[in-house]
file input.cif (mmCIF, C-alpha atoms)
data_model
#
loop_
_atom_site.label_atom_id
_atom_site.label_comp_id
_atom_site.auth_asym_id
_atom_site.auth_seq_id
_atom_site.Cartn_x
_atom_site.Cartn_y
_atom_site.Cartn_z
CA MET U 258 -12.71 -19.26 -30.33
CA ALA U 259 -11.36 -17.62 -27.17
CA GLN U 260 -11.99 -18.49 -23.57
CA VAL U 261 -12.94 -15.59 -21.32
CA VAL U 262 -13.19 -15.94 -17.56
CA LEU U 263 -15.68 -13.62 -15.88
CA LEU U 264 -16.53 -12.88 -12.26
CA THR U 265 -20.16 -11.95 -11.64
CA GLY U 266 -21.33 -10.52 -8.35
CA GLY U 267 -23.56 -8.17 -6.48
CA ASN U 268 -25.03 -7.37 -3.09
CA LEU U 269 -28.24 -5.46 -3.84
CA GLY U 270 -31.64 -6.77 -4.88
CA PRO U 271 -32.39 -10.45 -5.53
CA VAL U 272 -28.70 -11.25 -5.93
CA ALA U 273 -28.91 -15.04 -6.46
CA GLU U 274 -31.61 -14.61 -9.08
CA ASN U 275 -29.62 -11.81 -10.72
CA LEU U 276 -26.52 -14.02 -10.96
CA GLU U 277 -28.48 -16.76 -12.68
CA ALA U 278 -30.18 -14.31 -15.05
CA ALA U 279 -26.83 -12.62 -15.80
CA SER U 280 -25.36 -16.02 -16.66
CA ARG U 281 -28.15 -16.51 -19.21
CA GLU U 282 -27.56 -13.02 -20.64
CA ILE U 283 -23.82 -13.65 -20.87
CA ALA U 284 -24.50 -16.91 -22.73
CA ARG U 285 -26.74 -15.01 -25.15
CA GLU U 286 -24.55 -11.90 -25.57
CA VAL U 287 -20.97 -13.13 -25.14
CA GLY U 288 -20.96 -16.90 -25.73
CA PRO U 289 -21.78 -20.25 -24.16
CA VAL U 290 -20.93 -20.74 -20.49
CA VAL U 291 -18.79 -23.90 -20.44
CA ASP U 292 -17.96 -23.99 -16.74
CA ARG U 293 -19.00 -22.21 -13.57
CA SER U 294 -18.00 -22.15 -9.93
CA SER U 295 -20.44 -22.46 -7.10
CA VAL U 296 -21.93 -19.20 -5.84
CA ARG U 297 -19.89 -17.88 -2.92
CA GLU U 298 -20.79 -15.36 -0.25
CA SER U 299 -18.32 -12.74 0.97
CA GLU U 300 -18.11 -9.42 2.72
CA ALA U 301 -17.51 -6.19 0.84
CA TRP U 302 -13.91 -5.56 -0.26
CA GLY U 303 -12.41 -2.08 -0.19
CA PHE U 304 -15.45 -0.46 1.44
CA GLU U 305 -18.02 -1.15 4.13
CA ALA U 306 -21.49 -2.49 3.35
CA LYS U 307 -24.03 -4.25 5.51
CA GLU U 308 -25.16 -6.46 2.61
CA ARG U 309 -22.93 -9.41 1.81
CA PHE U 310 -21.89 -10.14 -1.77
CA LEU U 311 -22.56 -13.24 -3.83
CA ASN U 312 -19.99 -14.03 -6.52
CA GLN U 313 -19.54 -16.65 -9.20
CA VAL U 314 -16.86 -17.33 -11.81
CA LEU U 315 -18.01 -18.21 -15.33
CA VAL U 316 -15.87 -19.62 -18.13
CA VAL U 317 -17.26 -18.54 -21.49
CA GLU U 318 -16.30 -19.41 -25.05
CA THR U 319 -16.50 -16.38 -27.30
CA GLU U 320 -15.73 -15.18 -30.78
CA LEU U 321 -15.79 -11.56 -29.58
CA ASP U 322 -12.65 -9.50 -29.11
CA PRO U 323 -11.85 -8.32 -25.54
CA ARG U 324 -13.24 -4.78 -26.04
CA GLU U 325 -16.54 -6.15 -27.34
CA VAL U 326 -16.74 -8.54 -24.38
CA LEU U 327 -16.25 -5.54 -22.08
CA ARG U 328 -18.90 -3.50 -23.91
CA ARG U 329 -21.46 -6.30 -23.71
CA CYS U 330 -20.72 -7.07 -20.06
CA GLN U 331 -21.21 -3.39 -19.19
CA ARG U 332 -24.51 -3.41 -21.09
CA ILE U 333 -25.62 -6.47 -19.07
CA GLU U 334 -24.63 -4.68 -15.85
CA GLN U 335 -26.78 -1.71 -16.89
CA HIS U 336 -29.68 -4.04 -17.65
CA PHE U 337 -29.54 -5.12 -14.00
CA GLY U 338 -29.53 -1.51 -12.78
CA ARG U 339 -25.79 -0.94 -12.39
CA VAL U 340 -24.94 2.74 -12.42
CA ARG U 341 -21.33 3.91 -12.54
CA TYR U 342 -20.42 7.32 -11.17
CA PRO U 343 -16.98 8.67 -12.14
CA GLY U 344 -14.67 8.85 -9.14
CA GLN U 345 -17.12 7.04 -6.86
CA GLY U 346 -14.87 4.10 -6.02
CA TYR U 347 -16.21 0.85 -4.67
CA ALA U 348 -19.90 0.73 -3.76
CA SER U 349 -22.76 -1.69 -3.33
CA ARG U 350 -24.24 -2.82 -6.63
CA THR U 351 -26.91 -4.94 -8.24
CA MET U 352 -24.50 -6.49 -10.74
CA ASP U 353 -20.79 -6.39 -11.43
CA ILE U 354 -19.07 -8.34 -14.20
CA ASP U 355 -15.28 -8.35 -14.28
CA ILE U 356 -13.14 -9.85 -17.02
CA LEU U 357 -10.50 -11.87 -15.19
CA PHE U 358 -8.79 -13.57 -18.14
CA TYR U 359 -9.10 -13.63 -21.92
CA ASP U 360 -7.24 -16.75 -22.99
CA ARG U 361 -3.70 -16.12 -21.73
CA ARG U 362 -3.52 -12.66 -23.22
CA ILE U 363 -2.09 -9.63 -21.45
CA ILE U 364 -3.93 -6.40 -22.30
CA ASP U 365 -2.98 -3.08 -20.73
CA MET U 366 -5.13 -0.21 -21.95
CA PRO U 367 -6.57 2.70 -19.97
CA ASP U 368 -10.07 1.18 -19.97
CA LEU U 369 -9.23 -2.53 -20.07
CA ARG U 370 -6.61 -4.47 -18.13
CA ILE U 371 -6.47 -8.24 -18.53
CA PRO U 372 -5.71 -10.21 -16.45
CA HIS U 373 -7.67 -8.23 -13.91
CA PRO U 374 -4.95 -6.49 -11.86
CA LEU U 375 -6.42 -7.28 -8.42
CA ILE U 376 -6.99 -11.03 -8.75
CA GLY U 377 -4.16 -11.84 -6.33
CA GLU U 378 -5.54 -9.54 -3.62
CA ARG U 379 -9.11 -10.85 -3.51
CA ASP U 380 -10.05 -14.18 -1.98
CA PHE U 381 -13.61 -13.75 -3.24
CA VAL U 382 -12.07 -14.05 -6.73
CA LEU U 383 -9.38 -16.64 -6.02
CA ALA U 384 -11.64 -19.06 -4.14
CA PRO U 385 -14.13 -19.66 -6.98
CA LEU U 386 -11.30 -19.57 -9.53
CA GLU U 387 -9.45 -22.26 -7.60
CA GLU U 388 -12.61 -24.39 -7.51
CA ILE U 389 -12.79 -24.70 -11.29
CA MET U 390 -9.31 -23.84 -12.57
CA GLY U 391 -6.83 -24.17 -9.72
CA ASN U 392 -3.97 -25.21 -12.01
CA PHE U 393 -4.45 -22.32 -14.47
CA ILE U 394 -1.22 -20.33 -14.70
CA HIS U 395 -1.66 -16.59 -14.35
CA PRO U 396 0.04 -15.12 -17.44
CA VAL U 397 1.70 -12.27 -15.51
CA SER U 398 2.68 -13.83 -12.18
CA GLY U 399 3.53 -17.27 -13.58
CA CYS U 400 1.81 -18.82 -10.54
CA THR U 401 -1.17 -21.13 -10.54
CA ILE U 402 -4.43 -19.86 -9.12
CA ARG U 403 -3.96 -22.35 -6.26
CA GLN U 404 -0.51 -20.89 -5.47
CA MET U 405 -1.87 -17.34 -5.61
CA ARG U 406 -4.65 -18.21 -3.17
CA ARG U 407 -2.25 -19.88 -0.72
CA SER U 408 -0.01 -16.81 -0.86
CA LEU U 409 -2.95 -14.50 -0.12
CA GLN U 410 -4.05 -16.69 2.79
CA GLU U 411 -0.52 -16.69 4.22
CA ARG U 412 -0.29 -12.89 3.97
CA ASP U 413 -3.71 -12.58 5.61
CA ALA U 414 -2.66 -14.93 8.45
CA ARG U 415 0.46 -12.81 9.04
CA GLY U 416 -1.64 -9.62 9.04
CA GLU U 417 0.14 -8.24 5.99
CA LEU U 418 -2.93 -7.14 4.05
CA SER U 419 -3.36 -3.38 4.01
CA PRO U 420 -6.54 -1.90 5.50
CA SER U 421 -7.81 -0.85 2.07
CA ASN U 422 -7.60 -4.48 0.94
CA ASP U 423 -9.09 -6.07 4.03
CA ARG U 424 -12.52 -7.56 3.72
CA LYS U 425 -14.32 -5.39 6.25
#

call {"tool": "encode", "arguments": {"input": "input.cif", "output": "structure tokens"}}
result
Amino acid sequence: MAQVVLLTGGNLGPVAENLEAASREIAREVGPVVDRSSVRESEAWGFEAKERFLNQVLVVETELDPREVLRRCQRIEQHFGRVRYPGQGYASRTMDIDILFYDRRIIDMPDLRIPHPLIGERDFVLAPLEEIMGNFIHPVSGCTIRQMRRSLQERDARGELSPSNDRK
């Protein structure tokens, strides 16, 4: 049994209800949800949007391999009306599900990178991760989630975050 850590989020439609329904779908399609962060509100990251995002981290036990987890999460996103357009970049969405970690494995494929490569740049990911697994050691950086969040906050306070990474 593997432990997969997912970030769910969205900013369109009935977002809070969608997050709860997505959690139920994930439990049915991927595996039981064994831990969850509180739902957190944040501004868009990497683009401008008037609607604020809600995000939640889920820890799921699964017997599925990482590619099958990805396939099922994308199917759940589609169920909630998520449409992906090649080359579109970041945009508002009804549902987004990112695989943050799969056990402590490192996977680097064209369509699947685990750990998620932008964890350390996004407070809307680090904050809920810290809430439920602050001492988890990132398998690439070797830092705990708590250390990664402090580093991001220090860089933000010094104004070192690039405009494309700022939460607008």

call {"tool": "resolve_selection", "arguments": {"input": "input.cif", "expression": "the PyMOL selection byres ((chain U and resi 369) around 12)", "output": "list in words"}}
result
Asp322, Pro323, Arg324, Glu325, Val326, Leu327, Arg328, Asp355, Ile356, Leu357, Phe358, Tyr359, Ile363, Ile364, Asp365, Met366, Pro367, Asp368, Arg370, Ile371, Pro372, His373 and Pro374 of chain U

call {"tool": "resolve_selection", "arguments": {"input": "input.cif", "expression": "the PyMOL selection byres ((chain U and resi 386-400) around 12)", "output": "MDAnalysis selection string"}}
result
chainID U and resid 262:265 291:297 312:316 357:365 370:377 379:385 401:408

call {"tool": "write_last_selection", "arguments": {"input": "input.cif", "atoms": "C-alpha atoms", "output": "tab-separated table (two decimals), in the frame of the given file"}}
result
chain	number	residue	atom	x	y	z
U	262	VAL	CA	-13.19	-15.94	-17.56
U	263	LEU	CA	-15.68	-13.62	-15.88
U	264	LEU	CA	-16.53	-12.88	-12.26
U	265	THR	CA	-20.16	-11.95	-11.64
U	291	VAL	CA	-18.79	-23.90	-20.44
U	292	ASP	CA	-17.96	-23.99	-16.74
U	293	ARG	CA	-19.00	-22.21	-13.57
U	294	SER	CA	-18.00	-22.15	-9.93
U	295	SER	CA	-20.44	-22.46	-7.10
U	296	VAL	CA	-21.93	-19.20	-5.84
U	297	ARG	CA	-19.89	-17.88	-2.92
U	312	ASN	CA	-19.99	-14.03	-6.52
U	313	GLN	CA	-19.54	-16.65	-9.20
U	314	VAL	CA	-16.86	-17.33	-11.81
U	315	LEU	CA	-18.01	-18.21	-15.33
U	316	VAL	CA	-15.87	-19.62	-18.13
U	357	LEU	CA	-10.50	-11.87	-15.19
U	358	PHE	CA	-8.79	-13.57	-18.14
U	359	TYR	CA	-9.10	-13.63	-21.92
U	360	ASP	CA	-7.24	-16.75	-22.99
U	361	ARG	CA	-3.70	-16.12	-21.73
U	362	ARG	CA	-3.52	-12.66	-23.22
U	363	ILE	CA	-2.09	-9.63	-21.45
U	364	ILE	CA	-3.93	-6.40	-22.30
U	365	ASP	CA	-2.98	-3.08	-20.73
U	370	ARG	CA	-6.61	-4.47	-18.13
U	371	ILE	CA	-6.47	-8.24	-18.53
U	372	PRO	CA	-5.71	-10.21	-16.45
U	373	HIS	CA	-7.67	-8.23	-13.91
U	374	PRO	CA	-4.95	-6.49	-11.86
U	375	LEU	CA	-6.42	-7.28	-8.42
U	376	ILE	CA	-6.99	-11.03	-8.75
U	377	GLY	CA	-4.16	-11.84	-6.33
U	379	ARG	CA	-9.11	-10.85	-3.51
U	380	ASP	CA	-10.05	-14.18	-1.98
U	381	PHE	CA	-13.61	-13.75	-3.24
U	382	VAL	CA	-12.07	-14.05	-6.73
U	383	LEU	CA	-9.38	-16.64	-6.02
U	384	ALA	CA	-11.64	-19.06	-4.14
U	385	PRO	CA	-14.13	-19.66	-6.98
U	401	THR	CA	-1.17	-21.13	-10.54
U	402	ILE	CA	-4.43	-19.86	-9.12
U	403	ARG	CA	-3.96	-22.35	-6.26
U	404	GLN	CA	-0.51	-20.89	-5.47
U	405	MET	CA	-1.87	-17.34	-5.61
U	406	ARG	CA	-4.65	-18.21	-3.17
U	407	ARG	CA	-2.25	-19.88	-0.72
U	408	SER	CA	-0.01	-16.81	-0.86

call {"tool": "closest_residue", "arguments": {"input": "input.cif", "among": "U:Ser349, U:Met258, U:Ser299, U:Glu282", "to": "Thr319 in chain U", "atoms": "all atoms listed in the file"}}
result
U:Met258

call {"tool": "resolve_selection", "arguments": {"input": "input.cif", "expression": "the PyMOL selection byres ((chain U and resi 308-310) around 9)", "output": "short mmCIF file (atom, residue, chain, number, x, y, z; two decimals) with C-alpha atoms, keeping the file's coordinate frame"}}
result
data_model
loop_
_atom_site.label_atom_id
_atom_site.label_comp_id
_atom_site.auth_asym_id
_atom_site.auth_seq_id
_atom_site.Cartn_x
_atom_site.Cartn_y
_atom_site.Cartn_z
CA GLY U 266 -21.33 -10.52 -8.35
CA GLY U 267 -23.56 -8.17 -6.48
CA ASN U 268 -25.03 -7.37 -3.09
CA LEU U 269 -28.24 -5.46 -3.84
CA VAL U 272 -28.70 -11.25 -5.93
CA ARG U 297 -19.89 -17.88 -2.92
CA GLU U 298 -20.79 -15.36 -0.25
CA SER U 299 -18.32 -12.74 0.97
CA GLU U 300 -18.11 -9.42 2.72
CA ALA U 301 -17.51 -6.19 0.84
CA ALA U 306 -21.49 -2.49 3.35
CA LYS U 307 -24.03 -4.25 5.51
CA LEU U 311 -22.56 -13.24 -3.83
CA ASN U 312 -19.99 -14.03 -6.52
CA SER U 349 -22.76 -1.69 -3.33
#

call {"tool": "atom_distance", "arguments": {"input": "input.cif", "atom1": "CA of Glu320 in chain U", "atom2": "CA of Pro289 in chain U"}}
result
10.3 Å
